[in-house]
Amino acid sequence: MLLGAMSGGGVVVAVAYAALAVVALRMALSYKSALYAVRRLWRWADEWAQAYQYHEVPRFACDGGGAENPLFRKAAQYVAALPSLEDADAASLGPGHTARDAFLGARLAWTNRGDVLVLRVRRHDRTRVLRPYLQHVESVADEMELRRRELRLFANTGVDGSTGTPRWASAPFTHPATLDTVAMDPDLKARVRADLENFLKGRAYYHRLGRVWRRSYLLYGPPGTGKSTFAAAMARFLGYDIYDVDLSRAGSDDLRALLLHTTPRSLILVEDLDRFLQGGGAGDAEARAARVLSFMDGVASCCGEERVMVFTMRGGKESVDAAVVRPGRLDVHIHFTLCDFEAFKALASNYLGLKDHKLYPQVEESFHGGARLSPAELGEIMLANRSSPSRALRNVITKLQHVSGAAAAPRPPYRRNTSWSGAGGPWEEQAARASADAADGGEEAITATAACGVFAKDAPMREFKKLYGLIKIRSRKEGSGGFMPLHGGEAPSPANGRGSEHDKER
């Protein structure tokens with residue numbers, strides 16, 4: 001009886017809790033519904049009380065030519081990307097649909113009436129908002145269009161013989177590099193990104209200063225440090241076409257013509273500037289410098305806006321005249337160095353997907369020992385061993401140790417400094433060279449073979465056998481000819497005789 005009463009009471013309590021939950025849910029839903037109704041009523045009252053102005057943007061121009069109004073196309077692209085379309089199922093602003101927007105604290109609305117887009121704005125906001133808002137719509141639509149279009153790479157291929165104009169050959173620009181994947185110091189990368197973003201938004205600022213809307217960069221450093229890749233990443237970030245200018249193919253007049261036949265919103269790339277300036281004799285070098293200076297900031301360089309000019313050099317800035325790298329000609333100087341441990345970690349993250357590894361302390365210790373490798377060398381090692389991150393890191397450690405050892409102990413002049421990034425190592429190649437020299441009868445070649453590291457711990461057994469055989473051949477050759485020198489001033493004995501006991505021991 002008692003157990004039945006207790007079970008019956010539990011059922012009653014459960015039913016009561018369920019009823020309370022249902023009541024609370026209904027109240028919450030009714031509260032949200034009431035809140036939504038109040039907001040709609042407030043919006044209706046506000047729209048009824050406010051005075052609005054309506055501005056129509058027709059699809060076709062009013063001159064009767066039937067050409068499409070560019071403002072209509074840009075406004076349609078902009079409005080289609082707004083998240084406030086009332087009909088969420090519509091992929092774009094269809095006829096009768098309305099999209100709301102906000103700009104500088106003002107509320108605006110776009111309505112599609114077929115071939116006309118109608119912009120609604122409050123009357124007291126019209127003077128303050130309308131002009132900058134339309135400029136904002138145009139700039140955002142232009143940026144969206146640039147992001148969607150296909151980038152192209154142009155290269156100068158000479159001059160057209162009939163017209164005398166420069167010829168540009170083009171191809172789709174498909175380089176996958178981005179600023180996110182480039183291995184670079186994070187702070188430096190953030191500064192470059194901010195500088196490029198400010199340039200993109202700086203049209204009015206440059207015009208107010210009376211300067212040409214142009215920015216120039218100098219990327220300098222040893223080969224293999226990623227200068228060309230970084231230029232490609234800059235072009236992809238900006239959404240600009242690349243014009244790769246080969247200075248050796250054009251004279252002074254041709255350089256000016258090349259600039260005149262480039263388009264706005266483009267990145268003009270000139271690689272190995274220092275090699276071009278240092279080529280030829282003294283008089284030729286001065287003429288080359290004059291052509292380059294005119295190309296950089298002459299009158300022809302001011303024809304066209306929104307350009308970025310990128311110059312690369314293999315050497316340091318001191319290798320060229322200071323007038324070439326002064327501010328105004330080259331605004332931003334970026335030094336590309338060999339990789340340190342931080343850059344290595346960025347490369348390992350890109351190539352191997354590693355954030356951390358048990359071999360990282362050994363790699364860091366090797367870098368702290370002063371060894372440095374270029375991003376191209378490290379990338380090749382990781383690419384060849386991408387299936388085994390541990391093997392890739394061990395190969396990196398071995399390479400760093402070889403570089404560090406070579407820097408600490410200079411090699412003899414007759415030794416060949418062999419660079420190796422694949423399977424195996426430089427020891428096998430050096431041993432083969434020394435063994436071949438030894439086969440020719442050179443005694444110094446055997447010494448060189450030992451110095452090259454054939455007798456190292458990891459040398460293959462076949463090298464020991466080969467050297468042992470070469471030493472026996474050398475001994476037989478010396479024993480078969482003429483006379484053998486004896487220790488202690490003993491007289492020489494004929495080679496065809498039995499010889500002394502010392503000869504037998506030898």
# chains A, B, ... in the order shown; residues from 1 in each chain; ligands from 1
>>> residues_around(residues="Val270 of chain A", least_positions_apart="3", cutoff="8 Å", atoms="only C-alpha atoms", output="list in words")
Asp244, Val245, Asp246, Leu247, Leu273, Met309, Val310, Phe311 and Thr312 of chain A
>>> write_last_selection(atoms="C-alpha atoms", output="short mmCIF file (atom, residue, chain, number, x, y, z; two decimals), in the first residue's frame")
data_model
loop_
_atom_site.label_atom_id
_atom_site.label_comp_id
_atom_site.auth_asym_id
_atom_site.auth_seq_id
_atom_site.Cartn_x
_atom_site.Cartn_y
_atom_site.Cartn_z
CA ASP A 244 56.84 40.84 -65.83
CA VAL A 245 59.26 43.33 -67.40
CA ASP A 246 62.53 42.03 -68.85
CA LEU A 247 64.75 45.12 -68.91
CA LEU A 273 67.64 44.68 -60.87
CA MET A 309 55.93 48.24 -58.75
CA VAL A 310 58.08 45.43 -57.30
CA PHE A 311 61.84 45.17 -57.84
CA THR A 312 63.97 42.25 -56.70
#
>>> residues_around(residues="Arg386 of chain A", least_positions_apart="2", cutoff="12 Å", atoms="only C-alpha atoms", output="count of residues only")
22
>>> residues_around(residues="Gln362 of chain A", least_positions_apart="6", cutoff="10 Å", atoms="only C-alpha atoms", output="list of chain:residue names")
A:His368, A:Leu393, A:Arg394, A:Ile397
>>> write_last_selection(atoms="N, CA, C and O atoms", output="JSON list (two decimals), in the first residue's frame")
[["chain", "number", "residue", "atom", "x", "y", "z"],
["A", 368, "HIS", "N", 70.38, 27.37, -33.76],
["A", 368, "HIS", "CA", 71.08, 28.24, -32.82],
["A", 368, "HIS", "C", 72.59, 28.13, -32.96],
["A", 368, "HIS", "O", 73.32, 29.02, -32.51],
["A", 393, "LEU", "N", 62.48, 15.75, -40.94],
["A", 393, "LEU", "CA", 63.16, 16.53, -39.92],
["A", 393, "LEU", "C", 64.58, 16.01, -39.69],
["A", 393, "LEU", "O", 65.51, 16.80, -39.46],
["A", 394, "ARG", "N", 64.78, 14.70, -39.74],
["A", 394, "ARG", "CA", 66.14, 14.17, -39.59],
["A", 394, "ARG", "C", 67.04, 14.63, -40.73],
["A", 394, "ARG", "O", 68.22, 14.95, -40.52],
["A", 397, "ILE", "N", 68.01, 18.17, -40.04],
["A", 397, "ILE", "CA", 69.06, 18.24, -39.02],
["A", 397, "ILE", "C", 70.42, 17.88, -39.62],
["A", 397, "ILE", "O", 71.43, 18.55, -39.36]]
>>> closest_residue(among="A:Arg307, A:His55, A:Lys345, A:Lys189", to="Val396 of chain A", atoms="only C-alpha atoms")
A:Lys345
>>> atom_distance(atom1="atom CA of Asp125 of chain A", atom2="atom CA of Leu108 of chain A")
9.6 Å
>>> residues_around(residues="segment 319-329 of chain A", least_positions_apart="3", cutoff="12 Å", atoms="only C-alpha atoms", output="PyMOL selection string")
chain A and resi 211-212+214-221+272-279+285-286+288-298+301+308-316+332-334
>>> residues_around(residues="segment 194-203 of chain A", least_positions_apart="5", cutoff="8 Å", atoms="only C-alpha atoms", output="list of chain:residue names")
A:Trp213, A:Arg215, A:Leu238, A:Glu306
>>> write_last_selection(atoms="N, CA, C and O atoms", output="PDB file, in the first residue's frame")
ATOM      1  N   TRP A 213      48.884  57.706 -57.508  1.00  0.00           N
ATOM      2  CA  TRP A 213      48.440  56.554 -56.700  1.00  0.00           C
ATOM      3  C   TRP A 213      49.255  55.334 -57.110  1.00  0.00           C
ATOM      4  O   TRP A 213      48.852  54.534 -57.946  1.00  0.00           O
ATOM      5  N   ARG A 215      52.660  52.593 -55.552  1.00  0.00           N
ATOM      6  CA  ARG A 215      53.488  52.142 -54.432  1.00  0.00           C
ATOM      7  C   ARG A 215      54.580  51.244 -54.989  1.00  0.00           C
ATOM      8  O   ARG A 215      54.322  50.427 -55.892  1.00  0.00           O
ATOM      9  N   LEU A 238      46.165  41.586 -53.848  1.00  0.00           N
ATOM     10  CA  LEU A 238      45.606  42.810 -54.410  1.00  0.00           C
ATOM     11  C   LEU A 238      44.566  42.532 -55.485  1.00  0.00           C
ATOM     12  O   LEU A 238      43.728  43.402 -55.775  1.00  0.00           O
ATOM     13  N   GLU A 306      46.896  53.438 -59.578  1.00  0.00           N
ATOM     14  CA  GLU A 306      46.673  52.192 -58.851  1.00  0.00           C
ATOM     15  C   GLU A 306      47.598  51.103 -59.388  1.00  0.00           C
ATOM     16  O   GLU A 306      47.159  50.039 -59.817  1.00  0.00           O
TER      17      GLU A 306
END
>>> closest_residue(among="A:Ala106, A:Val22, A:Thr398, A:Val11", to="Arg128 of chain A", atoms="only C-alpha atoms")
A:Ala106
>>> residues_around(residues="Arg73 of chain A", least_positions_apart="3", cutoff="10 Å", atoms="only C-alpha atoms", output="JSON, numbers by chain")
{"A": [57, 58, 59, 60, 68, 69, 70, 76, 77, 78, 138, 141]}
>>> write_last_selection(atoms="N, CA and C atoms", output="CSV table (one decimal), in the first residue's frame")
chain,number,residue,atom,x,y,z
A,57,VAL,N,17.7,54.2,-59.8
A,57,VAL,CA,18.9,53.9,-60.6
A,57,VAL,C,18.4,53.0,-61.8
A,58,PRO,N,18.2,53.5,-63.0
A,58,PRO,CA,17.7,52.7,-64.1
A,58,PRO,C,18.7,51.8,-64.6
A,59,ARG,N,18.2,50.7,-65.2
A,59,ARG,CA,19.1,49.7,-65.7
A,59,ARG,C,19.9,50.1,-67.0
A,60,PHE,N,19.2,50.9,-67.8
A,60,PHE,CA,19.8,51.4,-69.0
A,60,PHE,C,20.0,52.9,-69.0
A,68,GLU,N,24.0,49.6,-70.9
A,68,GLU,CA,23.6,49.3,-69.5
A,68,GLU,C,24.3,50.4,-68.6
A,69,ASN,N,23.6,50.8,-67.6
A,69,ASN,CA,24.1,51.8,-66.7
A,69,ASN,C,25.1,51.1,-65.7
A,70,PRO,N,26.3,51.5,-65.7
A,70,PRO,CA,27.3,50.8,-64.9
A,70,PRO,C,26.9,50.9,-63.4
A,76,ALA,N,23.5,46.4,-58.2
A,76,ALA,CA,22.9,45.1,-58.1
A,76,ALA,C,23.9,44.1,-57.5
A,77,GLN,N,25.2,44.1,-57.9
A,77,GLN,CA,26.2,43.3,-57.2
A,77,GLN,C,26.3,43.5,-55.8
A,78,TYR,N,26.3,44.8,-55.4
A,78,TYR,CA,26.4,45.1,-54.0
A,78,TYR,C,25.2,44.6,-53.2
A,138,GLU,N,30.1,51.6,-55.1
A,138,GLU,CA,30.9,51.4,-56.2
A,138,GLU,C,32.3,50.7,-55.9
A,141,ALA,N,31.7,47.0,-55.0
A,141,ALA,CA,31.4,46.2,-56.2
A,141,ALA,C,32.6,46.0,-57.0
>>> residues_around(residues="Gly158 of chain A", least_positions_apart="2", cutoff="7 Å", atoms="only C-alpha atoms", output="PyMOL selection string")
chain A and resi 156+160+166-167+249
>>> write_last_selection(atoms="C-alpha atoms", output="short mmCIF file (atom, residue, chain, number, x, y, z; two decimals), in the first residue's frame")
data_model
loop_
_atom_site.label_atom_id
_atom_site.label_comp_id
_atom_site.auth_asym_id
_atom_site.auth_seq_id
_atom_site.Cartn_x
_atom_site.Cartn_y
_atom_site.Cartn_z
CA ASN A 156 57.23 41.65 -72.89
CA ASP A 160 55.93 44.91 -83.22
CA PRO A 166 55.62 46.71 -77.52
CA ARG A 167 54.19 43.25 -77.60
CA ARG A 249 64.74 43.22 -73.99
#
>>> atom_distance(atom1="atom CA of Ala235 of chain A", atom2="atom CA of Thr174 of chain A")
11.1 Å
>>> select_by_dssp(residues="segment 146-339 of chain A", states="alpha helix (DSSP H)", output="NGL selection string")
:A and (146-148 or 186-200 or 203-209 or 227-238 or 252-260 or 273-278 or 282-297)
>>> select_by_dssp(residues="segment 86-330 of chain A", states="strand (DSSP E)", output="MDAnalysis selection string")
chainID A and resid 98:103 106:112 116:122 152:159 166:172 214:220 241:244 266:270 307:313
>>> write_last_selection(atoms="C-alpha atoms", output="PDB file, in the first residue's frame")
ATOM      1  CA  THR A  98      13.681  44.748 -50.479  1.00  0.00           C
ATOM      2  CA  ALA A  99      17.119  44.735 -48.863  1.00  0.00           C
ATOM      3  CA  ARG A 100      18.067  46.953 -45.937  1.00  0.00           C
ATOM      4  CA  ASP A 101      21.474  48.453 -45.285  1.00  0.00           C
ATOM      5  CA  ALA A 102      23.126  50.773 -42.772  1.00  0.00           C
ATOM      6  CA  PHE A 103      25.857  53.317 -43.441  1.00  0.00           C
ATOM      7  CA  ALA A 106      21.747  55.970 -41.372  1.00  0.00           C
ATOM      8  CA  ARG A 107      19.280  53.310 -42.437  1.00  0.00           C
ATOM      9  CA  LEU A 108      18.778  52.751 -46.166  1.00  0.00           C
ATOM     10  CA  ALA A 109      16.719  50.339 -48.258  1.00  0.00           C
ATOM     11  CA  TRP A 110      16.964  49.030 -51.814  1.00  0.00           C
ATOM     12  CA  THR A 111      13.875  47.837 -53.715  1.00  0.00           C
ATOM     13  CA  ASN A 112      13.887  46.099 -57.077  1.00  0.00           C
ATOM     14  CA  VAL A 116      14.923  50.100 -61.841  1.00  0.00           C
ATOM     15  CA  LEU A 117      16.576  49.909 -58.431  1.00  0.00           C
ATOM     16  CA  VAL A 118      15.091  52.336 -55.918  1.00  0.00           C
ATOM     17  CA  LEU A 119      17.180  53.608 -53.019  1.00  0.00           C
ATOM     18  CA  ARG A 120      15.282  54.969 -50.031  1.00  0.00           C
ATOM     19  CA  VAL A 121      16.984  57.293 -47.565  1.00  0.00           C
ATOM     20  CA  ARG A 122      15.705  59.598 -44.863  1.00  0.00           C
ATOM     21  CA  ARG A 152      46.766  37.185 -65.937  1.00  0.00           C
ATOM     22  CA  LEU A 153      50.533  37.248 -66.290  1.00  0.00           C
ATOM     23  CA  PHE A 154      52.025  39.450 -69.027  1.00  0.00           C
ATOM     24  CA  ALA A 155      55.598  39.315 -70.355  1.00  0.00           C
ATOM     25  CA  ASN A 156      57.226  41.650 -72.887  1.00  0.00           C
ATOM     26  CA  THR A 157      58.329  39.746 -75.967  1.00  0.00           C
ATOM     27  CA  GLY A 158      59.781  42.559 -78.076  1.00  0.00           C
ATOM     28  CA  VAL A 159      58.407  45.229 -80.390  1.00  0.00           C
ATOM     29  CA  PRO A 166      55.620  46.710 -77.517  1.00  0.00           C
ATOM     30  CA  ARG A 167      54.189  43.246 -77.603  1.00  0.00           C
ATOM     31  CA  TRP A 168      52.870  41.624 -74.441  1.00  0.00           C
ATOM     32  CA  ALA A 169      52.243  37.889 -74.295  1.00  0.00           C
ATOM     33  CA  SER A 170      49.795  36.826 -71.608  1.00  0.00           C
ATOM     34  CA  ALA A 171      48.662  33.666 -69.873  1.00  0.00           C
ATOM     35  CA  PRO A 172      46.368  32.913 -66.928  1.00  0.00           C
ATOM     36  CA  ARG A 214      51.387  54.166 -56.865  1.00  0.00           C
ATOM     37  CA  ARG A 215      53.488  52.142 -54.432  1.00  0.00           C
ATOM     38  CA  SER A 216      56.921  50.585 -54.999  1.00  0.00           C
ATOM     39  CA  TYR A 217      58.650  47.755 -53.133  1.00  0.00           C
ATOM     40  CA  LEU A 218      62.224  46.453 -53.102  1.00  0.00           C
ATOM     41  CA  LEU A 219      62.650  42.764 -52.242  1.00  0.00           C
ATOM     42  CA  TYR A 220      66.320  41.871 -51.779  1.00  0.00           C
ATOM     43  CA  ASP A 241      47.507  41.357 -63.075  1.00  0.00           C
ATOM     44  CA  ILE A 242      51.292  40.943 -63.220  1.00  0.00           C
ATOM     45  CA  TYR A 243      53.452  42.577 -65.885  1.00  0.00           C
ATOM     46  CA  ASP A 244      56.840  40.838 -65.825  1.00  0.00           C
ATOM     47  CA  SER A 266      48.436  45.968 -62.093  1.00  0.00           C
ATOM     48  CA  LEU A 267      51.655  44.835 -60.437  1.00  0.00           C
ATOM     49  CA  ILE A 268      54.795  45.585 -62.481  1.00  0.00           C
ATOM     50  CA  LEU A 269      57.582  43.144 -61.614  1.00  0.00           C
ATOM     51  CA  VAL A 270      61.279  43.719 -62.422  1.00  0.00           C
ATOM     52  CA  ARG A 307      49.896  50.447 -59.740  1.00  0.00           C
ATOM     53  CA  VAL A 308      52.319  48.548 -57.557  1.00  0.00           C
ATOM     54  CA  MET A 309      55.932  48.238 -58.746  1.00  0.00           C
ATOM     55  CA  VAL A 310      58.080  45.432 -57.297  1.00  0.00           C
ATOM     56  CA  PHE A 311      61.839  45.172 -57.845  1.00  0.00           C
ATOM     57  CA  THR A 312      63.975  42.248 -56.695  1.00  0.00           C
ATOM     58  CA  MET A 313      67.740  42.056 -56.129  1.00  0.00           C
TER      59      MET A 313
END
>>> atom_distance(atom1="atom CA of Thr127 of chain A", atom2="atom CA of Leu82 of chain A")
23.4 Å
>>> closest_residue(among="A:Phe336, A:Tyr240, A:Phe367, A:Phe72", to="Glu150 of chain A", atoms="only C-alpha atoms")
A:Tyr240
>>> closest_residue(among="A:Ala81, A:Leu255, A:Ala376, A:Leu104", to="Gly224 of chain A", atoms="only C-alpha atoms")
A:Ala376
>>> decode(residues="segment 213-228 of chain A", atoms="N, CA and C atoms", output="PDB file, in the first residue's frame")
ATOM      1  N   TRP A 213      48.884  57.706 -57.508  1.00  0.00           N
ATOM      2  CA  TRP A 213      48.440  56.554 -56.700  1.00  0.00           C
ATOM      3  C   TRP A 213      49.255  55.334 -57.110  1.00  0.00           C
ATOM      4  N   ARG A 214      50.441  55.213 -56.510  1.00  0.00           N
ATOM      5  CA  ARG A 214      51.387  54.166 -56.865  1.00  0.00           C
ATOM      6  C   ARG A 214      52.226  53.843 -55.637  1.00  0.00           C
ATOM      7  N   ARG A 215      52.660  52.593 -55.552  1.00  0.00           N
ATOM      8  CA  ARG A 215      53.488  52.142 -54.432  1.00  0.00           C
ATOM      9  C   ARG A 215      54.580  51.244 -54.989  1.00  0.00           C
ATOM     10  N   SER A 216      55.805  51.369 -54.484  1.00  0.00           N
ATOM     11  CA  SER A 216      56.921  50.585 -54.999  1.00  0.00           C
ATOM     12  C   SER A 216      57.596  49.852 -53.846  1.00  0.00           C
ATOM     13  N   TYR A 217      58.037  48.631 -54.135  1.00  0.00           N
ATOM     14  CA  TYR A 217      58.650  47.755 -53.133  1.00  0.00           C
ATOM     15  C   TYR A 217      59.973  47.216 -53.680  1.00  0.00           C
ATOM     16  N   LEU A 218      60.950  47.094 -52.798  1.00  0.00           N
ATOM     17  CA  LEU A 218      62.224  46.453 -53.102  1.00  0.00           C
ATOM     18  C   LEU A 218      62.340  45.187 -52.258  1.00  0.00           C
ATOM     19  N   LEU A 219      62.458  44.051 -52.917  1.00  0.00           N
ATOM     20  CA  LEU A 219      62.650  42.764 -52.242  1.00  0.00           C
ATOM     21  C   LEU A 219      64.075  42.309 -52.549  1.00  0.00           C
ATOM     22  N   TYR A 220      64.921  42.229 -51.536  1.00  0.00           N
ATOM     23  CA  TYR A 220      66.320  41.871 -51.779  1.00  0.00           C
ATOM     24  C   TYR A 220      66.762  40.808 -50.781  1.00  0.00           C
ATOM     25  N   GLY A 221      67.665  39.945 -51.257  1.00  0.00           N
ATOM     26  CA  GLY A 221      68.163  38.865 -50.429  1.00  0.00           C
ATOM     27  C   GLY A 221      68.760  37.771 -51.296  1.00  0.00           C
ATOM     28  N   PRO A 222      69.368  36.758 -50.689  1.00  0.00           N
ATOM     29  CA  PRO A 222      70.008  35.682 -51.448  1.00  0.00           C
ATOM     30  C   PRO A 222      69.000  34.916 -52.297  1.00  0.00           C
ATOM     31  N   PRO A 223      69.486  34.219 -53.326  1.00  0.00           N
ATOM     32  CA  PRO A 223      68.572  33.396 -54.141  1.00  0.00           C
ATOM     33  C   PRO A 223      67.920  32.304 -53.299  1.00  0.00           C
ATOM     34  N   GLY A 224      66.698  31.971 -53.660  1.00  0.00           N
ATOM     35  CA  GLY A 224      65.978  30.916 -52.967  1.00  0.00           C
ATOM     36  C   GLY A 224      65.281  31.325 -51.700  1.00  0.00           C
ATOM     37  N   THR A 225      65.216  32.623 -51.414  1.00  0.00           N
ATOM     38  CA  THR A 225      64.589  33.085 -50.173  1.00  0.00           C
ATOM     39  C   THR A 225      63.127  33.474 -50.349  1.00  0.00           C
ATOM     40  N   GLY A 226      62.566  33.324 -51.549  1.00  0.00           N
ATOM     41  CA  GLY A 226      61.126  33.516 -51.717  1.00  0.00           C
ATOM     42  C   GLY A 226      60.698  34.881 -52.197  1.00  0.00           C
ATOM     43  N   LYS A 227      61.568  35.619 -52.870  1.00  0.00           N
ATOM     44  CA  LYS A 227      61.194  36.963 -53.324  1.00  0.00           C
ATOM     45  C   LYS A 227      60.133  36.904 -54.423  1.00  0.00           C
ATOM     46  N   SER A 228      60.343  36.064 -55.424  1.00  0.00           N
ATOM     47  CA  SER A 228      59.357  35.972 -56.511  1.00  0.00           C
ATOM     48  C   SER A 228      58.032  35.411 -56.009  1.00  0.00           C
TER      49      SER A 228
END
